[in-house]
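Asker: Below you will find the structure I want to go over with you.
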Amino acid sequence: MMRALVYHGPKNVSVDEVPDAKIEKPTDALIKITTTNICGSDLHMYEGRTDVEEGKVLGHENMGEVIEVGEGVDRVKVGDMVCLPFNIGCGFCKNCEAGRTGFCLTANPGNAGAAYGYADMGPYNGGQAELLRVPYADWNALVLPEDAREKEKDYVMLSDILPTGYHGTELAQVGIGESVVIWGAGPVGLMAAMSARLRGADQVFVVDRQADRLKLVQQLDATPIDDSKGDAVQQILDATRGEGADKGVEAVGYQAHDHEGRERPGLTINSLIQAVRPTGRIGVVGVFVPEDPEAEDDLAKEGKFGFDFGTFFFKGQAMGTGQANVKQYNRQLRNLIHHGKLNPGLIVSHELNLDQAAEGYKNFDDRLDGWTKVLLHP
């Protein structure tokens with residue numbers, strides 16, 4: 001038996017004894033988890049805003065040491081330190097061959113896309129546990145350099161938030177000398193800011209209202225926009241000669257709130273339509289869902305909201321959406337970390353042992369001051 005963080009219902013998780021993860025197919029590897037993160041998207045499940053089943057082991061941001069491999073695994077070796085993309089791909093379906101590994105057609109039959117420990121993303125348990133089974137290990141495991149343990153806080157970000165933030169800038173096609181506005185200074189928004197700088201953006205604005213997150217924005221050489229101190233769209237327009245930003249990234253998702261605390265799932269995207277200039281592009285990497293039974297209005301319960309399409313059309317804007325295809329970026333981003341060009345671990349606020357996971361979930365979900373990114377060490 002191993003210890004793992006198990007979902008029992010809304011705001012009810014605990015570290016329990018569960019059966020050991022094990023090799024089930026020749027193409028599997030077994031990982032001893034050394035670091036696993038609590039992701040902002042885990043909070044959707046924690047709050048009961050998904051249909052994740054009770055008994056599920058959560059955790060899709062995982063890193064660890066290979067301790068066993070199946071007979072069909074050639075490349076990955078016992079003893080390798082690896083980081084696992086949150087999305088599980090087969091490597092041979094139509095989408096995986098095209099690089100769209102977030103939409104694998106094999107790993108979650110009947111759906112496009114699979115992930116560890118996540119609602120509607122297949123039968124796979126997560127890595128907030130002592131052990132993790134990795135399917136299609138040769139394809140999915142990113143082998144890390146010799147400084148893996150030294151830079152663990154940085155490399156573990158390759159599992160999700162760093163490639164996801166980068167994906168937001170890719171969807172928006174951020175280029176050299178362009179201005180970018182990012183809605184949301186959570187971990188993904190901060191990684192999008194770091195990625196926009198990497199791609200040569202000259203101005204990077206990040207909209208939020210939490211002081212601890214806005215401080216991190218400044219550390220990333222970006223401009224914090226506090227939307228509790230005045231209309232954020234107007235602040236962006238004022239800072240860009242009235243034109244609006246060249247590009248935009250949505251990094252909040254369907255549980256966006258206005259400054260009065262009301263939940264408004266369309267707020268961020270419609271704000272971006274206003275804040276991005278005519279013919280600009282918007283990349284959406286915040287999580288939106290096809291249905292949300294706990295939403296506050298009937299439209300939102302069906303995963304819908306009022307979209308300012310007339311303005312979007314009239315401005316000739318374009319939008320890219322969807323979860324990150326982590327494998328498109330993680331190897332290159334790994335190399336930048338290895339050579340000291342990127343240090344995403346700077347956003348880490350807390351490192352806890354696995355037994356403190358429930359406390360970590362509660363404090364992160366309560367948005368307590370200073371709880372910006374939580375790492376667990378089984």
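Residue numbering restarts at 1 in every chain; chains get A, B, ... in the order shown in the structure tokens, and ligands count up from 1 in that same order.
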Within 8 Å of Ala137 (chain A), counting only C-alpha atoms, which residues qualify if same-chain residues fewer than 3 places away don't, as an NGL selection string?
Answerer: :A and (27-29 or 73 or 76 or 134 or 140-141)
Asker: Smallest atom-to-atom distance to Leu214 (chain A): which of A:Thr372, A:Ile176, A:Val143, A:Thr35, using only C-alpha atoms?
Answerer: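 Of the candidates, the smallest distance to Leu214 (chain A) is held by A:Thr372.
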Asker: Can you tell me, as a list in words, which residues in region 166-235 of chain A count as strand (DSSP E or B) by DSSP?
Answerer: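 Restricting region 166-235 of chain A to strand (DSSP E or B) produces Ser179, Val180, Val181, Ile182, Trp183, Gln203, Val204, Phe205, Val206, Val207, Asp208, Thr223, Pro224, Ile225 and Asp226 of chain A.
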Asker: Considering only C-alpha atoms, state which residue in the set A:Ser228, A:Thr240, A:Asn325, A:Gln274 is at the smallest distance from His257 (chain A).
Answerer: A:Ser228
Asker: Would you give me, as a Markdown table, each residue of region 109-228 of chain A having an atom within 12 Å of an atom of region 13-17 of chain A, along with its shortest atom pair and that distance in Å to one decimal, using only C-alpha atoms and sorting by chain and residue number?
Answerer:
| residue | atom | partner | partner_atom | distance |
| --- | --- | --- | --- | --- |
| A:Gln128 | CA | A:Val15 | CA | 9.1 |
| A:Ala129 | CA | A:Val15 | CA | 8.5 |
| A:Glu130 | CA | A:Glu17 | CA | 10.3 |
| A:Leu131 | CA | A:Glu17 | CA | 11.9 |
Asker: Go ahead and dump the residues you just picked, C-alpha atoms, as a compact mmCIF listing (two decimals), in the first residue's frame.
Answerer:
# COMPACT_ATOMS: atom_id res chain seq x y z
CA GLN A 128 -0.04 13.32 -5.33
CA ALA A 129 1.12 9.98 -4.03
CA GLU A 130 4.27 8.00 -3.36
CA LEU A 131 4.14 6.18 -6.71
Asker: Which is closer to Ala185 (chain A) than all the others in A:Trp139, A:Lys373, A:Gly280, A:Arg49, using only C-alpha atoms?
Answerer: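 That would be A:Lys373, the residue with the smallest distance to Ala185 (chain A).
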Asker: With only C-alpha atoms as the counted atoms, please give the residues lying no more than 8 Å from Gly184 (chain A), apart from itself and same-chain residues fewer than 3 positions off, as a PyMOL selection string.
Answerer: chain A and resi 188-190+206-208+250-252
Asker: Pull N, CA, C and O atoms from the residues just selected and write them as a PDB file, in the first residue's frame.
Answerer:
ATOM      1  N   VAL A 188      -0.215  30.080 -13.817  1.00  0.00           N
ATOM      2  CA  VAL A 188      -0.173  30.039 -15.276  1.00  0.00           C
ATOM      3  C   VAL A 188       0.005  31.439 -15.863  1.00  0.00           C
ATOM      4  O   VAL A 188       0.785  31.644 -16.799  1.00  0.00           O
ATOM      5  N   GLY A 189      -0.694  32.431 -15.307  1.00  0.00           N
ATOM      6  CA  GLY A 189      -0.521  33.792 -15.787  1.00  0.00           C
ATOM      7  C   GLY A 189       0.907  34.289 -15.606  1.00  0.00           C
ATOM      8  O   GLY A 189       1.465  34.959 -16.481  1.00  0.00           O
ATOM      9  N   LEU A 190       1.519  33.947 -14.466  1.00  0.00           N
ATOM     10  CA  LEU A 190       2.907  34.335 -14.232  1.00  0.00           C
ATOM     11  C   LEU A 190       3.837  33.654 -15.226  1.00  0.00           C
ATOM     12  O   LEU A 190       4.794  34.260 -15.734  1.00  0.00           O
ATOM     13  N   VAL A 206      -0.041  42.363 -16.515  1.00  0.00           N
ATOM     14  CA  VAL A 206      -0.751  41.237 -15.908  1.00  0.00           C
ATOM     15  C   VAL A 206      -1.809  41.789 -14.961  1.00  0.00           C
ATOM     16  O   VAL A 206      -1.504  42.546 -14.039  1.00  0.00           O
ATOM     17  N   VAL A 207      -3.060  41.394 -15.195  1.00  0.00           N
ATOM     18  CA  VAL A 207      -4.200  41.910 -14.439  1.00  0.00           C
ATOM     19  C   VAL A 207      -4.566  40.946 -13.318  1.00  0.00           C
ATOM     20  O   VAL A 207      -4.752  39.745 -13.549  1.00  0.00           O
ATOM     21  N   ASP A 208      -4.673  41.476 -12.110  1.00  0.00           N
ATOM     22  CA  ASP A 208      -5.100  40.694 -10.949  1.00  0.00           C
ATOM     23  C   ASP A 208      -5.486  41.693  -9.869  1.00  0.00           C
ATOM     24  O   ASP A 208      -5.429  42.904 -10.094  1.00  0.00           O
ATOM     25  N   GLU A 250      -5.641  34.711 -21.744  1.00  0.00           N
ATOM     26  CA  GLU A 250      -6.610  34.446 -20.676  1.00  0.00           C
ATOM     27  C   GLU A 250      -6.065  33.311 -19.815  1.00  0.00           C
ATOM     28  O   GLU A 250      -5.853  32.198 -20.313  1.00  0.00           O
ATOM     29  N   ALA A 251      -5.814  33.594 -18.516  1.00  0.00           N
ATOM     30  CA  ALA A 251      -5.224  32.593 -17.619  1.00  0.00           C
ATOM     31  C   ALA A 251      -6.022  32.492 -16.323  1.00  0.00           C
ATOM     32  O   ALA A 251      -5.461  32.258 -15.262  1.00  0.00           O
ATOM     33  N   VAL A 252      -7.331  32.667 -16.403  1.00  0.00           N
ATOM     34  CA  VAL A 252      -8.194  32.590 -15.223  1.00  0.00           C
ATOM     35  C   VAL A 252      -9.170  31.431 -15.351  1.00  0.00           C
ATOM     36  O   VAL A 252      -9.219  30.540 -14.510  1.00  0.00           O
TER      37      VAL A 252
END
Asker: For each of A:Lys341, A:Pro187, A:Asn363, A:Gly117, take the minimum atom-to-atom distance to Gly59 (chain A), counting only C-alpha atoms, then give the residue where this is smallest.
Answerer: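 Once distances to Gly59 (chain A) are computed over only C-alpha atoms, the minimum belongs to A:Gly117.
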Asker: Per DSSP on the backbone, filter region 125-345 of chain A down to the residues in alpha helix (DSSP H) and report them as a PyMOL selection string.
Answerer: chain A and resi 137-140+152-155+161-171+187-198+211-219+232-239+267-275+298-301+309-314+330-338
Asker: Write out as a PyMOL selection string which residues come within 8 Å of Val156 (chain A) when counting only C-alpha atoms, dropping same-chain ones fewer than 5 positions away.
Answerer: chain A and resi 35-37+61-63+83
Asker: Fewer than 5 positions away in the same chain doesn't count, so skip those; otherwise give me all residues within 6 Å of Arg281 (chain A), counting only C-alpha atoms, as a ChimeraX atom specification.
Answerer: /A:172,247,317-319
Asker: Which residues, written as number ranges by chain, have at least one atom at most 9 Å from Arg197 (chain A), with only C-alpha atoms counted and residues fewer than 6 positions away on the same chain left out?
Answerer: A: 176, 203-204, 220-222
Asker: For the selection you just gave me, I'd like the residues written to a file as a PDB file, in the first residue's frame, keeping all heavy atoms.
Answerer:
ATOM      1  N   ILE A 176       8.268  39.601 -31.214  1.00  0.00           N
ATOM      2  CA  ILE A 176       9.249  40.581 -30.754  1.00  0.00           C
ATOM      3  C   ILE A 176       8.669  41.992 -30.809  1.00  0.00           C
ATOM      4  O   ILE A 176       8.039  42.383 -31.796  1.00  0.00           O
ATOM      5  CB  ILE A 176      10.520  40.504 -31.627  1.00  0.00           C
ATOM      6  CG1 ILE A 176      11.225  39.166 -31.404  1.00  0.00           C
ATOM      7  CG2 ILE A 176      11.486  41.640 -31.322  1.00  0.00           C
ATOM      8  CD1 ILE A 176      12.363  38.909 -32.357  1.00  0.00           C
ATOM      9  N   GLN A 203       6.276  45.081 -23.808  1.00  0.00           N
ATOM     10  CA  GLN A 203       5.445  45.444 -22.668  1.00  0.00           C
ATOM     11  C   GLN A 203       4.610  44.232 -22.287  1.00  0.00           C
ATOM     12  O   GLN A 203       3.965  43.614 -23.150  1.00  0.00           O
ATOM     13  CB  GLN A 203       4.489  46.589 -23.019  1.00  0.00           C
ATOM     14  CG  GLN A 203       5.122  47.967 -23.141  1.00  0.00           C
ATOM     15  CD  GLN A 203       4.049  48.998 -23.477  1.00  0.00           C
ATOM     16  OE1 GLN A 203       3.468  48.979 -24.569  1.00  0.00           O
ATOM     17  NE2 GLN A 203       3.765  49.894 -22.540  1.00  0.00           N
ATOM     18  N   VAL A 204       4.628  43.890 -21.018  1.00  0.00           N
ATOM     19  CA  VAL A 204       3.828  42.769 -20.521  1.00  0.00           C
ATOM     20  C   VAL A 204       3.021  43.258 -19.320  1.00  0.00           C
ATOM     21  O   VAL A 204       3.587  43.660 -18.301  1.00  0.00           O
ATOM     22  CB  VAL A 204       4.707  41.575 -20.105  1.00  0.00           C
ATOM     23  CG1 VAL A 204       3.830  40.416 -19.612  1.00  0.00           C
ATOM     24  CG2 VAL A 204       5.590  41.114 -21.259  1.00  0.00           C
ATOM     25  N   LEU A 220       8.968  39.493 -12.271  1.00  0.00           N
ATOM     26  CA  LEU A 220       9.133  38.947 -13.613  1.00  0.00           C
ATOM     27  C   LEU A 220       9.329  40.045 -14.659  1.00  0.00           C
ATOM     28  O   LEU A 220       9.217  39.785 -15.856  1.00  0.00           O
ATOM     29  CB  LEU A 220       7.911  38.093 -13.979  1.00  0.00           C
ATOM     30  CG  LEU A 220       7.713  36.829 -13.133  1.00  0.00           C
ATOM     31  CD1 LEU A 220       6.413  36.143 -13.505  1.00  0.00           C
ATOM     32  CD2 LEU A 220       8.882  35.869 -13.322  1.00  0.00           C
ATOM     33  N   ASP A 221       9.598  41.258 -14.209  1.00  0.00           N
ATOM     34  CA  ASP A 221       9.837  42.383 -15.112  1.00  0.00           C
ATOM     35  C   ASP A 221       8.609  42.668 -15.979  1.00  0.00           C
ATOM     36  O   ASP A 221       8.722  42.987 -17.158  1.00  0.00           O
ATOM     37  CB  ASP A 221      11.072  42.126 -15.988  1.00  0.00           C
ATOM     38  CG  ASP A 221      11.524  43.375 -16.748  1.00  0.00           C
ATOM     39  OD1 ASP A 221      11.290  44.491 -16.240  1.00  0.00           O
ATOM     40  OD2 ASP A 221      12.088  43.225 -17.853  1.00  0.00           O
ATOM     41  N   ALA A 222       7.437  42.507 -15.368  1.00  0.00           N
ATOM     42  CA  ALA A 222       6.182  42.826 -16.044  1.00  0.00           C
ATOM     43  C   ALA A 222       5.454  43.891 -15.226  1.00  0.00           C
ATOM     44  O   ALA A 222       5.826  44.198 -14.093  1.00  0.00           O
ATOM     45  CB  ALA A 222       5.323  41.573 -16.201  1.00  0.00           C
TER      46      ALA A 222
END
